[in-house]
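Novice: Got a structure here, written out as structure tokens. Questions coming.
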Amino acid sequence: MAVISFDADHRTWVLTGESSTYALRLDEDDVPVHVYWGPKLTPSEIGELTPKTRPWWDGFNDPNEGLGELAADGGTRYWPPALQVRFGDGTRALEWRYETHEITGEHLVIGFTDRHYPLRIALHYRLRSDVVERWTELTADTDVEVVRADSATWVLPTFEDYRLSHVTGRWAAETQLRRTTAPHGETVFASRRGITSHHANPWVMVDDGTATERHGEVYGVALAWSGSWRLTTTRSSTGRLTVSGGFGQDGVVHHVGPGKPLTTPVLAGLYTGGGFGAASRAWHAYALAHVLAHPAELRPVLYNSWEATGFDVSEAGQRALAERAAALGVELFVMDDGWFGARTGDHAGLGDWHVNRERFPDGLKPLVAAVHGLGMQFGLWVEPEMVNPDSDLYRAHPDWVLHHPHRRRSELRHQLVLNFARPDVAAWAHGWLDRLVGEHGVDFLKWDMNRPFSEAGWPGEADPDRLWVDHTRAVYALLDRLRADHPGLRIEACSGGGGRIDFGVLARADQVWPSDNTDTLDRLRIQHGYGQVYPASAMSAWVTDDPNFVTARATPLRFRFHVAMAGVLGLGGRIVDWPDEDLALAREAIALYRDIRPVVQHGALYRLRAPADDGVTALQYVHGDRVVVFAYRQAAHFNAPERPLRLDGLDPAHRYVDSGTGTTHSAAVLLAHGLPLGLPTGDFASKVVRLHRKI
Ligand code: GLA
């Protein structure tokens, strides 16, 4: 049970989670400063922690250097500001004055004002088991410019050294896990693209350099935001590390004033003593318990037409794919790009969201009815935030896109970004989406976003910078409204693959498309990076044609299935051309997936062996009395001995039966010695093992 308490004598708040404690206090100047974050301590034990005092001879440092709960600019605070304001008379420095606090269950709000100016700052803390959600709310009675408004600053314990884990990447090569010693000075992870980005993802994990997958203390910080963002790690002059972060774009100024509050997104923090594996499982559990809207559901097996047809879409072609998909056991059929306007390629039609009557002479309804008649749900690809200049929408509303009056409008993939911060644009998008979903009985939308912002101007608007935040907020509001009005509607978020994956979008999307790259070996790495923080139940993964659409690598169909079955299984190939033996294998694999799906989607993930160029990559999911193990070996070496695969997360007292072979194993043996894998011979060998606990 998570508890928040306040010690008035020490002006200290103590937040106690399942197995961790977080504490902060006010210093003598009312500045909120960090006290403790780590293994569970009681409030009275926290009382024993003495505030840091600086040596009297050091006149060059702030006494609280690097300890600010929201490292605001001003006074003798010299670290990267988490909060930076400019008052009407040009004053920049903030002086904190504590006003009040309120504890409502697991939510603590601490209210401050500036000592002179009418700016109020509320620091929010909400306990979610061992995750602390933090955000900041600014309100003011007169106009205040806010140059930087981070959600929170996290202060790490004093370690000998620090190591950062994070992901970087690019299109079709997202979420590549990196681990590196934290440099002294300031390190910035950011997106300036208006989307979360393929290039970095808004989370970081910190350890002292000794944590492993199964052991050691790991701290994690993750931002719930799908626009531009920044996480800064700073090692102060003492070498101690902080992580500060929030939304925003360099040089972009927010205006706070009467009727114009500024509320930052949640920056969540997590402590675990159980290594990187436990950190990931805690994030996954958090996503299921507190972020995803429908965590108890099982995500259906989907078919998506993109890799089969590209833009060459027709009603007959879609029907043929749907019939084949249904026969294989698919539960949701999704028609991708190419069904609307003049969208016969990527150069035209975006923005004209009416059915292409040459391709669908009687509209979409006959196809939707056919798909429903086959016992599947119907899904549709949309890209609402975008427009091709070659479209009726753009010809009618050239001012609806982000632009500056005397600057070119840079096109990427022949498209421009609609300014969703404009109420007329957001209302237009709501109008057609609401009609599309309502009139056609659409069960699922794949919501794409295929380019970053550029020339992000808004001519005529007094506060144009607000589009950086308000665009994302408008997308969130639109998704929220569509979902409220169409309770059966489920969403897949996509941004050219994994360009928009974060806890902000996961509160509105039931699943995400992690990458346009479905190549098995690349996917194992992408999925490994994705799964550090985000859950398998939201990770869409398709089996596509051979050789691969993106990498041209050939991989056996069984291996492709086994890689995709570690998430939310889908199909994405030209299944109408698959030979009979592939269709038989696909039917069998989909049936197997439907059996193991509760374990994969709702279970706890144990990464037994990380993706390796040589050797075996292995994952294990545990859910109640069921266990599923995936093992993949890309290259076989003659006469190489196979190592038993040591499992994790089992009670050693239990025994498990392998549903495939009927063999009974003691969990103690599986943990201490390992499971004999018996992978088939040859390259690209893979296996799924199902174990049931014996009663
Ligand atoms: C993006 C998506 C793909 C596909 C295409 C359609 O690239 O990531 O999956 O939907 O757009 O144009």
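Every chain in the structure tokens has a letter given in the order shown (A, B, ...), and although residue numbers restart at 1 in each chain, ligands are simply numbered from 1 in the order shown.
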Once you count only C-alpha atoms and all ligand atoms, which residues end up within 10 Å of ligand 1, and could you hand them over as a VMD selection string?

Specialist: chain A and resid 171 to 172 304 to 307 310 to 311 335 to 338 343 345 to 346 350 380 to 383 413 446 to 451 493 to 499 513 to 517 572

Novice: Write out as number ranges by chain the set of residues from range 302-444 of chain A that DSSP, computed on the backbone, places in alpha helix (DSSP H).

Specialist: A: 306-309, 315-328, 365-373, 392-396, 423-440

Novice: Choose the residue, out of A:Ala536, A:Ala541, A:Val253, A:Leu267, that has the smallest atom-to-atom separation from Asp143 in chain A; count only C-alpha atoms.

Specialist: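 For Asp143 in chain A, the nearest of the candidates is A:Val253.
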
Novice: Counting only C-alpha atoms, which of A:Asp465, A:Asp130, A:Asp651, A:Asp480 gets nearest to Ser20 in chain A?

Specialist: A:Asp130

Novice: Counting only C-alpha atoms, what is within 7 Å of Phe276 in chain A, bar same-chain residues fewer than 3 positions away, as a PyMOL selection string?

Specialist: chain A and resi 212-214+218+279-280

Novice: So that I have them on file, write out the residues from the current selection with C-alpha atoms, as an mmCIF file, in the first residue's frame.

Specialist:
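Listing of selection.cif after writing:
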```
data_model
loop_
_atom_site.group_PDB
_atom_site.id
_atom_site.type_symbol
_atom_site.label_atom_id
_atom_site.label_comp_id
_atom_site.auth_asym_id
_atom_site.auth_seq_id
_atom_site.Cartn_x
_atom_site.Cartn_y
_atom_site.Cartn_z
ATOM 1 C CA THR A 212 22.613 -6.620 -14.699
ATOM 2 C CA GLU A 213 19.422 -7.962 -16.169
ATOM 3 C CA ARG A 214 18.671 -9.792 -12.913
ATOM 4 C CA VAL A 218 18.079 0.642 -11.355
ATOM 5 C CA ALA A 279 12.731 -2.294 -14.004
ATOM 6 C CA SER A 280 11.130 -3.294 -17.308
#
```

Novice: Could you name the residues that touch Ala507 in chain A at 7 Å or less, counting only C-alpha atoms, but leaving out those on the same chain fewer than 2 positions away, as a PyMOL selection string?

Specialist: chain A and resi 291-293+503-505+509

Novice: Residues at most 12 Å from Ala612 in chain A, counting only C-alpha atoms, excluding those fewer than 2 positions away in the same chain, as a VMD selection string?

Specialist: chain A and resid 521 to 522 524 to 525 528 608 to 610 614 to 618 631 to 635

Novice: Go ahead and save the picked residues with N, CA and C atoms, as a PDB file, in the first residue's frame.

Specialist:
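Listing of out17.pdb after writing:
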```pdb
ATOM      1  N   LEU A 521      15.630 -10.342 -37.707  1.00  0.00           N
ATOM      2  CA  LEU A 521      16.821 -10.072 -36.888  1.00  0.00           C
ATOM      3  C   LEU A 521      16.828  -8.623 -36.422  1.00  0.00           C
ATOM      4  N   ASP A 522      16.437  -7.716 -37.305  1.00  0.00           N
ATOM      5  CA  ASP A 522      16.342  -6.318 -36.880  1.00  0.00           C
ATOM      6  C   ASP A 522      15.248  -6.158 -35.829  1.00  0.00           C
ATOM      7  N   LEU A 524      14.199  -8.312 -33.613  1.00  0.00           N
ATOM      8  CA  LEU A 524      14.575  -8.789 -32.276  1.00  0.00           C
ATOM      9  C   LEU A 524      15.253  -7.668 -31.495  1.00  0.00           C
ATOM     10  N   ARG A 525      16.073  -6.886 -32.186  1.00  0.00           N
ATOM     11  CA  ARG A 525      16.748  -5.766 -31.504  1.00  0.00           C
ATOM     12  C   ARG A 525      15.774  -4.624 -31.210  1.00  0.00           C
ATOM     13  N   HIS A 528      13.648  -5.613 -28.405  1.00  0.00           N
ATOM     14  CA  HIS A 528      14.437  -5.616 -27.169  1.00  0.00           C
ATOM     15  C   HIS A 528      14.487  -4.188 -26.592  1.00  0.00           C
ATOM     16  N   LEU A 608      15.763 -13.634 -21.147  1.00  0.00           N
ATOM     17  CA  LEU A 608      16.735 -14.643 -20.705  1.00  0.00           C
ATOM     18  C   LEU A 608      18.077 -14.435 -21.401  1.00  0.00           C
ATOM     19  N   ARG A 609      18.035 -14.152 -22.688  1.00  0.00           N
ATOM     20  CA  ARG A 609      19.282 -13.860 -23.421  1.00  0.00           C
ATOM     21  C   ARG A 609      18.992 -12.754 -24.421  1.00  0.00           C
ATOM     22  N   ALA A 610      19.749 -11.695 -24.333  1.00  0.00           N
ATOM     23  CA  ALA A 610      19.541 -10.532 -25.204  1.00  0.00           C
ATOM     24  C   ALA A 610      19.909 -10.894 -26.645  1.00  0.00           C
ATOM     25  N   ASP A 614      25.404 -14.083 -32.614  1.00  0.00           N
ATOM     26  CA  ASP A 614      25.730 -15.495 -32.551  1.00  0.00           C
ATOM     27  C   ASP A 614      25.124 -16.008 -31.246  1.00  0.00           C
ATOM     28  N   GLY A 615      24.728 -17.263 -31.238  1.00  0.00           N
ATOM     29  CA  GLY A 615      24.136 -17.787 -30.012  1.00  0.00           C
ATOM     30  C   GLY A 615      22.629 -17.664 -30.047  1.00  0.00           C
ATOM     31  N   VAL A 616      22.022 -17.865 -28.896  1.00  0.00           N
ATOM     32  CA  VAL A 616      20.562 -17.944 -28.810  1.00  0.00           C
ATOM     33  C   VAL A 616      20.005 -16.698 -28.124  1.00  0.00           C
ATOM     34  N   THR A 617      18.976 -16.122 -28.710  1.00  0.00           N
ATOM     35  CA  THR A 617      18.215 -15.038 -28.083  1.00  0.00           C
ATOM     36  C   THR A 617      16.994 -15.694 -27.445  1.00  0.00           C
ATOM     37  N   ALA A 618      16.670 -15.336 -26.208  1.00  0.00           N
ATOM     38  CA  ALA A 618      15.525 -16.010 -25.576  1.00  0.00           C
ATOM     39  C   ALA A 618      14.743 -15.086 -24.656  1.00  0.00           C
ATOM     40  N   ALA A 631      12.704 -19.030 -28.126  1.00  0.00           N
ATOM     41  CA  ALA A 631      14.162 -19.103 -28.321  1.00  0.00           C
ATOM     42  C   ALA A 631      14.447 -18.997 -29.818  1.00  0.00           C
ATOM     43  N   TYR A 632      15.458 -18.230 -30.147  1.00  0.00           N
ATOM     44  CA  TYR A 632      15.802 -17.970 -31.558  1.00  0.00           C
ATOM     45  C   TYR A 632      17.308 -18.150 -31.743  1.00  0.00           C
ATOM     46  N   ARG A 633      17.694 -18.930 -32.723  1.00  0.00           N
ATOM     47  CA  ARG A 633      19.119 -19.009 -33.042  1.00  0.00           C
ATOM     48  C   ARG A 633      19.287 -18.686 -34.518  1.00  0.00           C
ATOM     49  N   GLN A 634      20.015 -17.620 -34.759  1.00  0.00           N
ATOM     50  CA  GLN A 634      20.119 -17.145 -36.135  1.00  0.00           C
ATOM     51  C   GLN A 634      21.102 -17.987 -36.949  1.00  0.00           C
ATOM     52  N   ALA A 635      22.244 -18.341 -36.364  1.00  0.00           N
ATOM     53  CA  ALA A 635      23.241 -19.085 -37.132  1.00  0.00           C
ATOM     54  C   ALA A 635      23.679 -20.320 -36.351  1.00  0.00           C
TER      55      ALA A 635
END
```

Novice: Pick out the residues sitting within 12 Å of Thr234 in chain A, and hand them over as a PyMOL selection string; count only C-alpha atoms, and ignore anything fewer than 3 positions along from it in its own chain.

Specialist: chain A and resi 65-67+71+78-82+153-156+162+164+182-189+231+237-245

Novice: Tell me, in Å to one decimal, how far CA of Tyr125 in chain A is from CA of Ser5 in chain A.

Specialist: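 Here the two named atoms are 12.2 Å from each other.
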
Novice: Which residues come within 10 Å of Glu145 in chain A, counting only C-alpha atoms, excluding same-chain residues fewer than 4 positions away, as a PyMOL selection string?

Specialist: chain A and resi 84-88+90+92+253-257

Novice: What would the file look like if the residues just selected were written as a tab-separated table (two decimals), in the first residue's frame with C-alpha atoms?

Specialist:
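Now in selection02.tsv:
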```
chain	number	residue	atom	x	y	z
A	84	GLN	CA	12.89	29.33	-16.21
A	85	VAL	CA	10.54	32.30	-16.15
A	86	ARG	CA	10.66	35.94	-17.26
A	87	PHE	CA	8.36	38.38	-15.49
A	88	GLY	CA	6.91	41.49	-17.13
A	90	GLY	CA	12.40	41.52	-17.19
A	92	ARG	CA	14.27	36.21	-14.52
A	253	VAL	CA	8.33	30.43	-24.97
A	254	HIS	CA	5.11	29.54	-23.16
A	255	HIS	CA	2.82	32.28	-21.89
A	256	VAL	CA	1.11	31.78	-18.56
A	257	GLY	CA	-1.48	34.29	-17.43
```

Novice: Residues of range 519-561 of chain A within 8 Å of range 576-588 of chain A: nearest atom pair and distance (Å, one decimal) for each, counting only C-alpha atoms, sorted by chain and number, as a Markdown table?

Specialist:
```
| residue | atom | partner | partner_atom | distance |
| --- | --- | --- | --- | --- |
| A:Leu557 | CA | A:Asp582 | CA | 7.2 |
| A:Arg558 | CA | A:Leu585 | CA | 7.4 |
| A:Phe561 | CA | A:Ala586 | CA | 7.9 |
```

Novice: Next, dump the selected residues to file, keeping only N, CA and C atoms, as a PDB file, in the first residue's frame.

Specialist:
```
ATOM      1  N   LEU A 557       9.527 -18.978 -42.507  1.00  0.00           N
ATOM      2  CA  LEU A 557       8.246 -18.462 -42.020  1.00  0.00           C
ATOM      3  C   LEU A 557       8.053 -18.748 -40.529  1.00  0.00           C
ATOM      4  N   ARG A 558       8.469 -19.923 -40.085  1.00  0.00           N
ATOM      5  CA  ARG A 558       8.281 -20.256 -38.677  1.00  0.00           C
ATOM      6  C   ARG A 558       9.032 -19.259 -37.785  1.00  0.00           C
ATOM      7  N   PHE A 561       7.201 -16.024 -37.633  1.00  0.00           N
ATOM      8  CA  PHE A 561       6.069 -16.108 -36.696  1.00  0.00           C
ATOM      9  C   PHE A 561       6.552 -16.029 -35.251  1.00  0.00           C
TER      10      PHE A 561
END
```

Novice: Looking at only C-alpha atoms, which of A:Gly379, A:Gly363, A:Gly277, A:Pro202 is the one that sits closest to Ser314 in chain A?

Specialist: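 Among the listed residues, A:Gly363 lies closest to Ser314 in chain A.
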
Novice: How many Å lie between CA of Ile103 in chain A and CA of Leu119 in chain A, rounded to one decimal?

Specialist: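 Between these atoms lies a distance of 21.9 Å.
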